[in-house]
Each structure stands twice: as structure tokens, then as C-alpha cells.
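Chemist: This is the content of entry-v2.txt (compact mmCIF, C-alpha atoms and all ligand atoms):
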# COMPACT_ATOMS: atom_id res chain seq x y z
CA MET A 10 99.00 106.45 2.68
CA VAL A 11 99.77 108.62 -0.32
CA ALA A 12 101.21 107.19 -3.51
CA ALA A 13 103.10 109.79 -5.47
CA PRO A 14 102.87 110.00 -9.24
CA LEU A 15 106.01 108.58 -10.65
CA THR A 16 108.31 111.06 -12.22
CA TRP A 17 111.53 109.15 -12.14
CA SER A 18 112.46 105.90 -13.74
CA PHE A 19 115.27 104.73 -15.87
CA SER A 20 115.04 102.98 -19.15
CA PRO A 21 116.23 99.38 -19.37
CA THR A 22 118.71 98.37 -16.77
CA THR A 23 122.24 98.41 -18.03
CA SER A 24 125.39 97.14 -16.48
CA ALA A 25 128.52 98.97 -15.65
CA VAL A 26 130.12 97.09 -18.48
CA GLU A 27 127.51 98.02 -21.07
CA SER A 28 126.72 101.49 -19.87
CA GLN A 29 128.81 104.46 -20.78
CA PRO A 30 129.70 106.93 -18.04
CA ARG A 31 126.61 109.03 -17.51
CA GLY A 32 126.36 111.86 -19.98
CA PRO A 33 125.42 115.40 -19.13
CA SER A 34 121.77 114.97 -20.04
CA MET A 35 121.27 112.14 -17.54
CA ALA A 36 123.27 114.02 -14.92
CA SER A 37 121.50 117.33 -15.38
CA SER A 38 118.04 115.80 -15.48
CA ALA A 39 118.90 114.05 -12.22
CA SER A 40 119.79 117.19 -10.32
CA GLU A 41 117.21 117.89 -7.67
CA GLU A 42 114.04 116.40 -9.05
CA ASN A 43 111.26 115.98 -6.53
CA VAL A 44 109.39 112.71 -6.79
CA ASP A 45 107.23 114.07 -3.98
CA ASN A 46 107.79 116.13 -0.85
CA TYR A 47 109.57 113.29 0.83
CA VAL A 48 111.54 111.69 -2.01
CA LYS A 49 113.97 113.61 -4.18
CA VAL A 50 116.33 112.37 -6.88
CA SER A 51 119.56 114.26 -7.35
CA ASP A 52 123.11 113.84 -8.57
CA GLY A 53 125.28 112.03 -6.11
CA LEU A 54 129.01 111.52 -6.19
CA GLY A 55 130.40 110.99 -9.67
CA GLY A 56 127.11 112.34 -11.08
CA LEU A 57 125.39 109.07 -10.22
CA PRO A 58 121.70 109.53 -9.43
CA LYS A 59 120.58 108.93 -5.90
CA ALA A 60 117.18 109.00 -4.21
CA ILE A 61 117.00 110.96 -0.98
CA LEU A 62 114.28 110.05 1.50
CA SER A 63 113.43 112.57 4.20
CA SER A 64 111.00 111.78 6.97
CA VAL A 65 109.00 114.44 8.79
CA HIS A 66 110.70 113.12 11.90
CA GLY A 67 114.09 114.28 10.66
CA SER A 68 115.58 110.93 9.64
CA GLU A 69 117.00 110.56 6.12
CA ALA A 70 118.29 107.89 3.76
CA GLU A 71 120.13 107.98 0.45
CA ILE A 72 120.03 105.26 -2.17
CA TYR A 73 122.22 105.15 -5.25
CA LEU A 74 120.43 103.65 -8.22
CA TYR A 75 123.77 102.18 -9.25
CA GLY A 76 123.77 98.93 -7.28
CA GLY A 77 120.45 99.82 -5.58
CA CYS A 78 122.76 100.71 -2.71
CA VAL A 79 121.56 102.52 0.41
CA THR A 80 124.62 104.61 1.29
CA SER A 81 123.32 106.65 4.19
CA TRP A 82 120.78 106.31 7.00
CA ARG A 83 120.72 109.28 9.34
CA VAL A 84 118.89 109.34 12.63
CA ASP A 85 119.35 112.30 14.99
CA ASN A 86 121.92 113.70 12.53
CA THR A 87 124.13 110.64 12.87
CA ASP A 88 124.81 108.36 9.93
CA LEU A 89 124.52 104.81 11.19
CA LEU A 90 125.88 103.33 7.95
CA TYR A 91 129.43 103.52 6.67
CA VAL A 92 130.88 104.06 3.23
CA ARG A 93 134.53 103.15 2.92
CA PRO A 94 136.92 105.95 1.96
CA ASP A 95 138.14 103.79 -0.93
CA ALA A 96 134.59 103.51 -2.36
CA VAL A 97 134.37 104.65 -5.96
CA PHE A 98 131.36 106.25 -7.62
CA THR A 99 132.22 105.61 -11.23
CA ALA A 100 129.65 102.91 -12.03
CA LEU A 101 132.58 100.70 -12.95
CA LYS A 102 132.90 98.96 -9.59
CA PRO A 103 130.39 98.23 -6.80
CA ILE A 104 130.04 100.93 -4.15
CA SER A 105 131.99 99.71 -1.12
CA GLY A 106 129.78 100.66 1.76
CA GLY A 107 126.24 101.28 2.90
CA ILE A 108 124.05 98.30 2.03
CA PRO A 109 125.31 96.66 -1.18
CA HIS A 110 123.29 93.80 -2.63
CA CYS A 111 124.81 90.37 -3.01
CA PHE A 112 122.67 88.72 -5.68
CA PRO A 113 122.30 86.19 -7.25
CA GLN A 114 125.34 84.79 -5.46
CA PHE A 115 126.68 85.44 -1.99
CA GLY A 116 130.48 85.28 -1.75
CA ALA A 117 132.72 83.42 -4.13
CA GLY A 118 131.31 80.97 -6.68
CA PRO A 119 130.84 80.46 -10.39
CA MET A 120 130.22 84.16 -11.02
CA GLN A 121 131.99 87.26 -9.70
CA GLN A 122 132.13 87.65 -5.91
CA HIS A 123 128.66 88.59 -4.56
CA GLY A 124 127.00 88.49 -8.01
CA PHE A 125 126.09 91.33 -10.33
CA ALA A 126 123.19 93.26 -8.71
CA ARG A 127 125.61 95.60 -6.95
CA ASN A 128 127.08 96.75 -10.23
CA MET A 129 123.97 97.32 -12.30
CA ASN A 130 121.66 100.30 -12.54
CA TRP A 131 118.34 99.91 -10.78
CA SER A 132 115.25 102.03 -11.60
CA ILE A 133 112.75 103.74 -9.35
CA VAL A 134 109.32 102.24 -10.02
CA ASP A 135 107.27 103.52 -7.11
CA SER A 136 107.24 105.91 -4.21
CA GLU A 137 104.81 106.63 -1.41
CA HIS A 138 104.65 108.08 2.04
CA VAL A 139 102.72 107.18 5.13
CA ASP A 140 102.19 110.09 7.51
CA GLY A 141 105.31 111.79 6.25
CA ASN A 142 107.46 108.67 6.27
CA PRO A 143 108.72 107.99 2.75
CA ALA A 144 109.31 104.78 0.82
CA VAL A 145 110.77 104.18 -2.59
CA THR A 146 110.79 100.98 -4.63
CA LEU A 147 113.65 100.14 -6.95
CA GLU A 148 113.61 97.49 -9.62
CA LEU A 149 116.30 95.43 -11.31
CA ARG A 150 115.56 93.24 -14.30
CA ASP A 151 117.75 91.00 -16.37
CA ALA A 152 119.69 92.73 -19.13
CA PRO A 153 122.26 91.48 -21.65
CA TYR A 154 125.01 91.97 -19.04
CA SER A 155 123.27 89.83 -16.39
CA ARG A 156 122.24 87.32 -19.06
CA SER A 157 125.88 86.92 -20.05
CA ILE A 158 126.61 85.82 -16.47
CA TRP A 159 123.34 84.20 -15.41
CA ASP A 160 121.01 83.41 -18.26
CA TYR A 161 117.63 83.91 -16.59
CA SER A 162 114.79 86.38 -16.76
CA PHE A 163 114.08 87.83 -13.32
CA GLN A 164 112.63 90.82 -11.56
CA ALA A 165 114.05 92.10 -8.27
CA LEU A 166 112.10 94.73 -6.34
CA TYR A 167 113.64 96.57 -3.42
CA LYS A 168 111.44 98.75 -1.25
CA VAL A 169 113.27 101.05 1.15
CA SER A 170 111.34 103.00 3.76
CA ILE A 171 112.22 105.08 6.78
CA ASP A 172 110.42 106.16 9.90
CA ARG A 173 111.62 108.21 12.89
CA ASN A 174 114.37 105.77 13.88
CA THR A 175 114.00 102.85 11.46
CA LEU A 176 115.12 101.76 8.01
CA THR A 177 113.17 98.91 6.45
CA THR A 178 114.08 97.11 3.25
CA GLU A 179 111.91 94.57 1.49
CA PHE A 180 113.64 92.55 -1.20
CA GLN A 181 111.57 90.45 -3.57
CA VAL A 182 112.87 88.25 -6.37
CA THR A 183 110.49 86.84 -8.98
CA ASN A 184 111.29 84.21 -11.54
CA THR A 185 109.98 85.70 -14.80
CA ASP A 186 111.63 82.95 -16.82
CA GLU A 187 110.16 79.74 -18.19
CA LYS A 188 112.67 77.57 -16.35
CA PRO A 189 113.49 77.32 -12.63
CA PHE A 190 116.50 79.10 -11.15
CA SER A 191 118.25 79.29 -7.81
CA PHE A 192 120.28 81.97 -6.07
CA SER A 193 121.92 82.97 -2.82
CA THR A 194 121.83 86.54 -1.60
CA ALA A 195 122.67 88.99 1.20
CA LEU A 196 122.44 92.59 2.26
CA HIS A 197 126.06 93.40 2.94
CA THR A 198 125.36 96.12 5.52
CA TYR A 199 128.30 98.26 6.64
CA PHE A 200 127.59 99.87 10.01
CA ARG A 201 129.61 102.83 11.25
CA ALA A 202 131.35 101.52 14.36
CA SER A 203 134.37 101.46 16.51
CA ALA A 204 135.37 97.93 15.55
CA SER A 205 137.34 97.44 18.77
CA GLY A 206 134.30 98.38 20.88
CA ALA A 207 131.52 96.92 18.73
CA SER A 208 129.67 93.72 19.54
CA VAL A 209 126.70 91.66 18.42
CA LYS A 210 124.25 89.90 20.73
CA GLY A 211 121.77 87.15 19.89
CA LEU A 212 123.93 84.65 18.01
CA LYS A 213 124.74 82.25 20.84
CA GLY A 214 123.96 78.65 19.93
CA CYS A 215 124.02 79.18 16.17
CA LYS A 216 125.90 76.89 13.86
CA THR A 217 128.85 78.81 12.40
CA LEU A 218 130.67 78.50 9.11
CA ASN A 219 133.94 80.29 9.66
CA LYS A 220 135.31 81.61 6.36
CA ASP A 221 138.62 82.41 8.00
CA PRO A 222 141.15 81.24 6.86
CA ASP A 223 139.65 79.78 3.64
CA PRO A 224 136.40 81.38 2.41
CA ARG A 225 135.86 78.54 -0.08
CA ASN A 226 136.11 75.88 2.65
CA PRO A 227 134.42 77.27 5.77
CA VAL A 228 135.01 75.46 9.04
CA GLU A 229 131.89 74.34 10.91
CA GLY A 230 131.48 75.27 14.55
CA MET A 231 129.03 76.58 17.13
CA GLU A 232 128.87 80.06 18.66
CA ASP A 233 129.13 79.86 22.44
CA ARG A 234 129.51 83.57 23.20
CA ASP A 235 126.65 85.78 24.38
CA VAL A 236 128.44 88.79 22.98
CA VAL A 237 130.42 88.44 19.77
CA THR A 238 133.22 90.99 19.30
CA PHE A 239 135.60 91.95 16.50
CA PRO A 240 139.06 91.59 18.01
CA GLY A 241 140.73 90.88 14.65
CA PHE A 242 139.83 89.56 11.22
CA VAL A 243 136.25 88.24 11.30
CA ASP A 244 134.44 86.49 8.42
CA CYS A 245 131.82 84.12 9.74
CA ILE A 246 128.38 82.87 8.68
CA TYR A 247 125.78 82.17 11.37
CA VAL A 248 123.37 79.61 9.97
CA ASP A 249 119.66 79.80 10.89
CA ALA A 250 120.23 82.88 12.99
CA PRO A 251 117.40 84.35 15.07
CA GLU A 252 115.04 86.95 13.62
CA GLU A 253 116.51 89.61 15.85
CA VAL A 254 120.11 90.44 16.73
CA TYR A 255 121.53 93.53 18.40
CA LEU A 256 124.52 95.59 17.40
CA ASP A 257 126.35 97.84 19.84
CA ASN A 258 128.38 99.95 17.43
CA GLY A 259 130.87 100.93 20.11
CA LEU A 260 130.05 104.60 19.48
CA GLY A 261 127.08 104.82 21.82
CA ASP A 262 124.35 103.48 19.52
CA TRP A 263 122.38 100.26 19.76
CA ILE A 264 120.81 98.99 16.56
CA THR A 265 118.24 96.22 16.51
CA ILE A 266 118.49 94.16 13.32
CA LYS A 267 115.23 92.32 12.75
CA ASN A 268 114.50 90.22 9.74
CA ARG A 269 111.88 88.07 8.08
CA ASN A 270 113.12 85.27 5.82
CA TRP A 271 116.78 86.27 5.84
CA SER A 272 117.77 83.03 7.51
CA ASP A 273 121.46 83.68 8.12
CA VAL A 274 123.75 86.37 9.48
CA VAL A 275 127.30 87.11 8.35
CA LEU A 276 129.77 89.07 10.46
CA TRP A 277 132.71 90.60 8.64
CA ASN A 278 135.53 92.90 9.56
CA PRO A 279 138.57 92.84 7.28
CA HIS A 280 141.04 93.99 9.98
CA LEU A 281 144.49 94.65 8.49
CA THR A 282 143.45 93.48 5.01
CA ILE A 283 141.81 96.92 4.69
CA GLU A 284 144.10 98.82 6.98
CA SER A 285 142.86 102.30 6.04
CA CYS A 286 139.41 101.96 7.60
CA TYR A 287 138.75 98.60 9.28
CA LYS A 288 138.58 100.31 12.68
CA ASP A 289 135.59 102.40 11.60
CA PHE A 290 132.98 99.81 10.63
CA VAL A 291 131.64 96.31 11.09
CA CYS A 292 129.44 94.42 8.66
CA VAL A 293 126.41 92.59 10.02
CA GLU A 294 124.77 91.05 6.98
CA ASN A 295 121.37 89.43 6.67
CA ALA A 296 121.91 86.61 4.23
CA LYS A 297 120.38 83.58 2.56
CA ILE A 298 123.29 81.23 2.10
CA GLN A 299 121.42 78.06 1.11
CA GLU A 300 120.21 78.57 -2.43
CA VAL A 301 116.59 79.62 -2.90
CA GLN A 302 114.91 77.67 -5.72
CA LEU A 303 112.21 79.49 -7.67
CA GLN A 304 109.92 77.93 -10.25
CA PRO A 305 108.57 80.14 -13.06
CA ASN A 306 106.30 82.89 -11.62
CA GLN A 307 107.36 82.14 -8.06
CA SER A 308 108.66 84.90 -5.79
CA TRP A 309 110.80 85.04 -2.69
CA THR A 310 110.65 87.96 -0.26
CA ALA A 311 112.78 88.95 2.72
CA VAL A 312 112.59 91.95 5.00
CA GLN A 313 115.30 93.65 7.03
CA HIS A 314 114.25 96.12 9.68
CA LEU A 315 116.93 98.25 11.34
CA SER A 316 116.02 100.37 14.30
CA LYS A 317 118.13 102.63 16.43
CA THR A 318 117.07 101.99 20.01
O1 LIG B 401 135.14 93.05 -0.93
P1 LIG B 401 133.78 92.50 -1.22
O2 LIG B 401 133.68 91.77 -2.53
O3 LIG B 401 132.74 93.55 -1.06
O4 LIG B 401 133.50 91.41 -0.12
C1 LIG B 401 133.80 91.64 1.17
C2 LIG B 401 133.49 90.48 2.09
O5 LIG B 401 132.09 90.30 2.11
C3 LIG B 401 131.65 89.39 3.11
O6 LIG B 401 130.25 89.30 3.01
C4 LIG B 401 132.24 88.05 2.86
O7 LIG B 401 131.83 87.16 3.91
C5 LIG B 401 133.76 88.15 2.80
O8 LIG B 401 134.31 86.87 2.52
C6 LIG B 401 134.16 89.17 1.76
O9 LIG B 401 135.57 89.30 1.75
Rewrite the structure from the file as C-alpha cells, please.
Ligand SMILES: O=P(O)(O)OC[C@H]1O[C@@H](O)[C@H](O)[C@@H](O)[C@@H]1O
Modeler:
Amino acid sequence: MVAAPLTWSFSPTTSAVESQPRGPSMASSASEENVDNYVKVSDGLGGLPKAILSSVHGSEAEIYLYGGCVTSWRVDNTDLLYVRPDAVFTALKPISGGIPHCFPQFGAGPMQQHGFARNMNWSIVDSEHVDGNPAVTLELRDAPYSRSIWDYSFQALYKVSIDRNTLTTEFQVTNTDEKPFSFSTALHTYFRASASGASVKGLKGCKTLNKDPDPRNPVEGMEDRDVVTFPGFVDCIYVDAPEEVYLDNGLGDWITIKNRNWSDVVLWNPHLTIESCYKDFVCVENAKIQEVQLQPNQSWTAVQHLSKT
């Protein structure tokens, strides 16, 4: 394993609200800077910095520091993730696509939908590679913007690594405050798909909380299908889901979605509510719906491991 010297990190995390649009100095310093042979930072859309991971095996991933959002995961020259055509890269709104973070709240609640982590700037704090397979670690800390919404000191670390046909993310939240806090969270993964042909296996027998028709009052049920499809609007939480589920994206790819400590799975397809692109993706989200309670200095870690089979 080789740890690269760090050449890229941002000064204190700012929010979209506090931060000004990125000025030329930030944008120009971001263009094509090598962190090492396998990790590069360059200007992405809208001049927003993104880390590009390239494995010796040909696979690649891109991560925007805005939102700590993985926007692309390419295996065999095919991007298995999906960014919606209406996604904006202005740092004024979360990036709609890839793997947005929902933290410290999943869904609707006292704060904005899905929390604030997806609309704050994360920093690169580490990078390494193992036999030509790169990894980068991003960090998000509390800032005046997050404090104005959720008045706690925290550190979130997000390690993203790729191998020949895998993308692994490790998400760790530490309570750096002097008082306890609790949160819910998810990785809101958008997979490129043919929604009408896509299906998910492995959820049979799970308790379901169906957010359709009222996301604030989900209806309890039980999944009795071996193969769950997306015939129309789908917005459903699978509670205590297994550690492994399988996505057939309807385009010829099978993706195994393994996890450690992400206890729940959410399936979402907006159907006609996002008419322009609902046919082209499905969301299969590893989530932690029941709030995690952390005492001062305690951490919580969860891993998501995607592999194209
Ligand atoms: O449009 P957003 O804020 O990214 O959220 C999209 C969807 O995200 C899903 O995770 C939720 O279950 C849905 O209820 C929600 O509509």
C-alpha cells in the first residue's frame, strides 16, 4: 500500500449558502492537479473541483467535493451510475445524481430534505493506492452553515476506493461535540438503468415502509416478491434488509450491492414526477433510517460495496 503525500485539501468547509461561486484562483488551481498517479483533481462542470480515480485495471470514478458526491463509476467503459439531466453544478443546489449523501437526516424532517451534507464542500484529507487501485478520503466538518441547522460539532469521513469492477465507500461519523447527537443517513445511489426492465433481488421477507402516497406517513407492509420491479412510482423503505442485494439494471449489467452497517434499503423511482428521465435510472439506497445515537467521541461507520458481476 502506498500513501501519497497530500497535495489537495480545502480550507474550512463552507456551505453553498455561505460560499461565493468559486473564483478563478480556486478554479485554475484545481485544473489537473495530480495527487498521485492514480488520483487527480481537476475542474468539473461549473468549475467545481472533482477527484478522478483511475485504477490500473481501467475502471474510474469521479467525486465532486461539493456534496462529497460520487458522480461516475466506470467499469469496462460503461458508467454504472446516473446523473440526471436536470442536475446543476452551481454549488447552490445538491447534485441530482451519482451517490449524494443524505446526512444528518434521511428524507423529510425538521431540517431540509435529506440534510445538508449534500450541499456543503468536502475536503480531500487522504489518498492512497493498493496495487494500482486508488482510494481517496473526503472530510466534512461542522461549519457555521451546518451549525445554523444542526448545532453540533462533528466529523464525517468518506473513503471511496475502486478496484477492477468494484466501488467501495466507507462512511464514518464521529461526535466531536461535548453533548450526544443523533442522525439518520443514506447513500442515495442513482444507478443507470432501464427502469422498465430493472429489478432488485434479495428483499423478500423484509418489513416495508411504503412512502407512497404520503412520505411523512409510510404504510407498513411486508415484501413478498423475489424480484422487485419498478412498474411505476416507487418510494419504499426496506427495514433491516440483508447485507447483500442484487440489481439487474435492465441494460445487461448485474450489480451486487453489499453493505456493512447500512441496515436499510430504499428503492426509489419518481416515474412521471420526473418525466424527463425516470426511465433511465433507479435508486437503490443503503440507508440508516432509525436514528443513530452518538455520545461524545463515539463514531459510527458503514460500508457500501458495489460490484459489477
Ligand atoms: O429530490 P430529492 O430531495 O433528491 O429526493 C428524492 C427522493 O429520495 C428518496 O430517497 C426518498 O425516499 C424520496 O421520498 C425522495 O423524493
Chemist: Excluding stretch 96-108 of chain A and any residue of its chain fewer than 5 positions from it, enumerate the residues within 8 Å of it, using all atoms listed in the file, and give them as a PyMOL selection string.
Modeler: chain A and resi 25-26+30+54-55+57+75-76+78-81+90-91+127-129+196-200
Chemist: Between atom CA of A:Ile171 and atom CA of A:Asn142, what distance in Å does the model show, to one decimal?
Modeler: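 Separation between atom CA of A:Ile171 and atom CA of A:Asn142: 6.0 Å.
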Chemist: Mind giving me the straight-line distance from atom CA of A:Asn46 to atom CA of A:Val139 in Å, one decimal?
Modeler: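 Atom CA of A:Val139 lies 11.9 Å from atom CA of A:Asn46.
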Chemist: Report the centre and edge lengths, in Å to one decimal, of an axis-aligned box enclosing every atom of ligand LIG 401 (chain B) listed in the file, padded by 4 Å on each side, as JSON.
Modeler:
{"center_x": 132.9, "center_y": 90.2, "center_z": 0.7, "size_x": 13.3, "size_y": 14.7, "size_z": 14.4}
Chemist: Show me which residues line ligand LIG 401 (chain B), defined as having an atom within 9 Å of a ligand atom where all atoms listed in the file count, and present them as an MDAnalysis selection string.
Modeler: chainID A and resid 103:106 109 111 115:117 121:123 195:198 220:221 223:225 243:246 275:279 292:294 296
Chemist: Check the smallest atom-to-atom distance from each of A:Pro189, A:Arg173, A:Glu284, A:Glu148 to A:Tyr161 using only C-alpha atoms, then report the winner.
Modeler: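 Nearest to A:Tyr161: A:Pro189.
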Chemist: In Å, how far is it from atom CA of A:Lys317 to atom CA of A:Val254?
Modeler: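 Separation of atom CA of A:Lys317 and atom CA of A:Val254: 12.4 Å.
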Chemist: Using all atoms listed in the file, can you tell me which of A:Met120, A:Cys215, A:Val134, A:Leu147 comes closest to A:Tyr73?
Modeler: A:Leu147
Chemist: Give me the residues near A:Thr146 as a ChimeraX atom specification, where near means some atom within 10 Å (using only C-alpha atoms) and where sequence neighbours in that chain fewer than 2 positions away do not count.
Modeler: /A:77,131-137,144,148,166-170,178-180
Chemist: Which residue is closest to A:Ala202? Choose from A:His314, A:Lys59, A:His110, A:Arg93 and count all atoms listed in the file.
Modeler: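 Using all atoms listed in the file, the shortest distance to A:Ala202 belongs to A:Arg93.
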Chemist: Counting all atoms listed in the file, what is within 8 Å of A:Leu260, bar same-chain residues fewer than 5 positions away, as a PyMOL selection string?
Modeler: chain A and resi 202-203+206-207
Chemist: Residues near A:Ile264, anyone? I mean within 7 Å using all atoms listed in the file, not counting same-chain ones fewer than 3 positions away, as a list in words.
Modeler: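 Counting all atoms listed in the file, the residues come to Tyr255, Leu256, Asp257, Leu315, Ser316, Lys317 and Thr318 of chain A.
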Chemist: With C-alpha atoms retained, export the selected residues as an mmCIF file, keeping the file's coordinate frame.
Modeler:
data_model
loop_
_atom_site.group_PDB
_atom_site.id
_atom_site.type_symbol
_atom_site.label_atom_id
_atom_site.label_comp_id
_atom_site.auth_asym_id
_atom_site.auth_seq_id
_atom_site.Cartn_x
_atom_site.Cartn_y
_atom_site.Cartn_z
ATOM 1 C CA TYR A 255 121.530 93.530 18.400
ATOM 2 C CA LEU A 256 124.520 95.590 17.400
ATOM 3 C CA ASP A 257 126.350 97.840 19.840
ATOM 4 C CA LEU A 315 116.930 98.250 11.340
ATOM 5 C CA SER A 316 116.020 100.370 14.300
ATOM 6 C CA LYS A 317 118.130 102.630 16.430
ATOM 7 C CA THR A 318 117.070 101.990 20.010
#
Chemist: Go through stretch 108-195 of chain A and flag each residue having an atom no more than 8 Å from stretch 300-306 of chain A; for those, report the closest pair of atoms plus their distance in Å to one decimal, using all atoms listed in the file, ordered by chain and rising number, as a Markdown table.
Modeler:
| residue | atom | partner | partner_atom | distance |
| --- | --- | --- | --- | --- |
| A:Thr183 | CA | A:Asn306 | CA | 6.3 |
| A:Asn184 | CA | A:Pro305 | CA | 5.1 |
| A:Thr185 | CA | A:Asn306 | CA | 5.6 |
| A:Asp186 | CA | A:Pro305 | CA | 5.6 |
| A:Glu187 | CA | A:Pro305 | CA | 5.4 |
| A:Lys188 | CA | A:Pro305 | CA | 5.9 |
| A:Pro189 | CA | A:Gln304 | CA | 4.3 |
| A:Phe190 | CA | A:Leu303 | CA | 5.5 |
| A:Ser191 | CA | A:Gln302 | CA | 4.3 |
| A:Phe192 | CA | A:Glu300 | CA | 5.0 |
| A:Ser193 | CA | A:Glu300 | CA | 4.7 |
Chemist: Determine the nearest neighbour of A:Val182 from the options A:Val237, A:Ala126, A:Val44, A:Val84, counting all atoms listed in the file.
Modeler: A:Ala126
Chemist: Go through A:Thr177, A:Glu229, A:Val92, A:Phe112 and flag the residue nearest A:Leu149, using only C-alpha atoms for the distances.
Modeler: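 For A:Leu149, the nearest of the given residues is A:Phe112.
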Chemist: Applying 10 Å and all atoms listed in the file, which residues near A:Ala60 remain after dropping the ones on its own chain fewer than 2 positions away? List them as a ChimeraX atom specification.
Modeler: /A:17,39,41-44,48-53,58,62-63,70-74,77,79,133,145,147
Chemist: Counting only C-alpha atoms, which residue out of A:Ile298, A:Ala311, A:Ile61, A:Cys286 sits closest to A:Pro94?
Modeler: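 Among the listed residues, the smallest separation from A:Pro94 belongs to A:Cys286.
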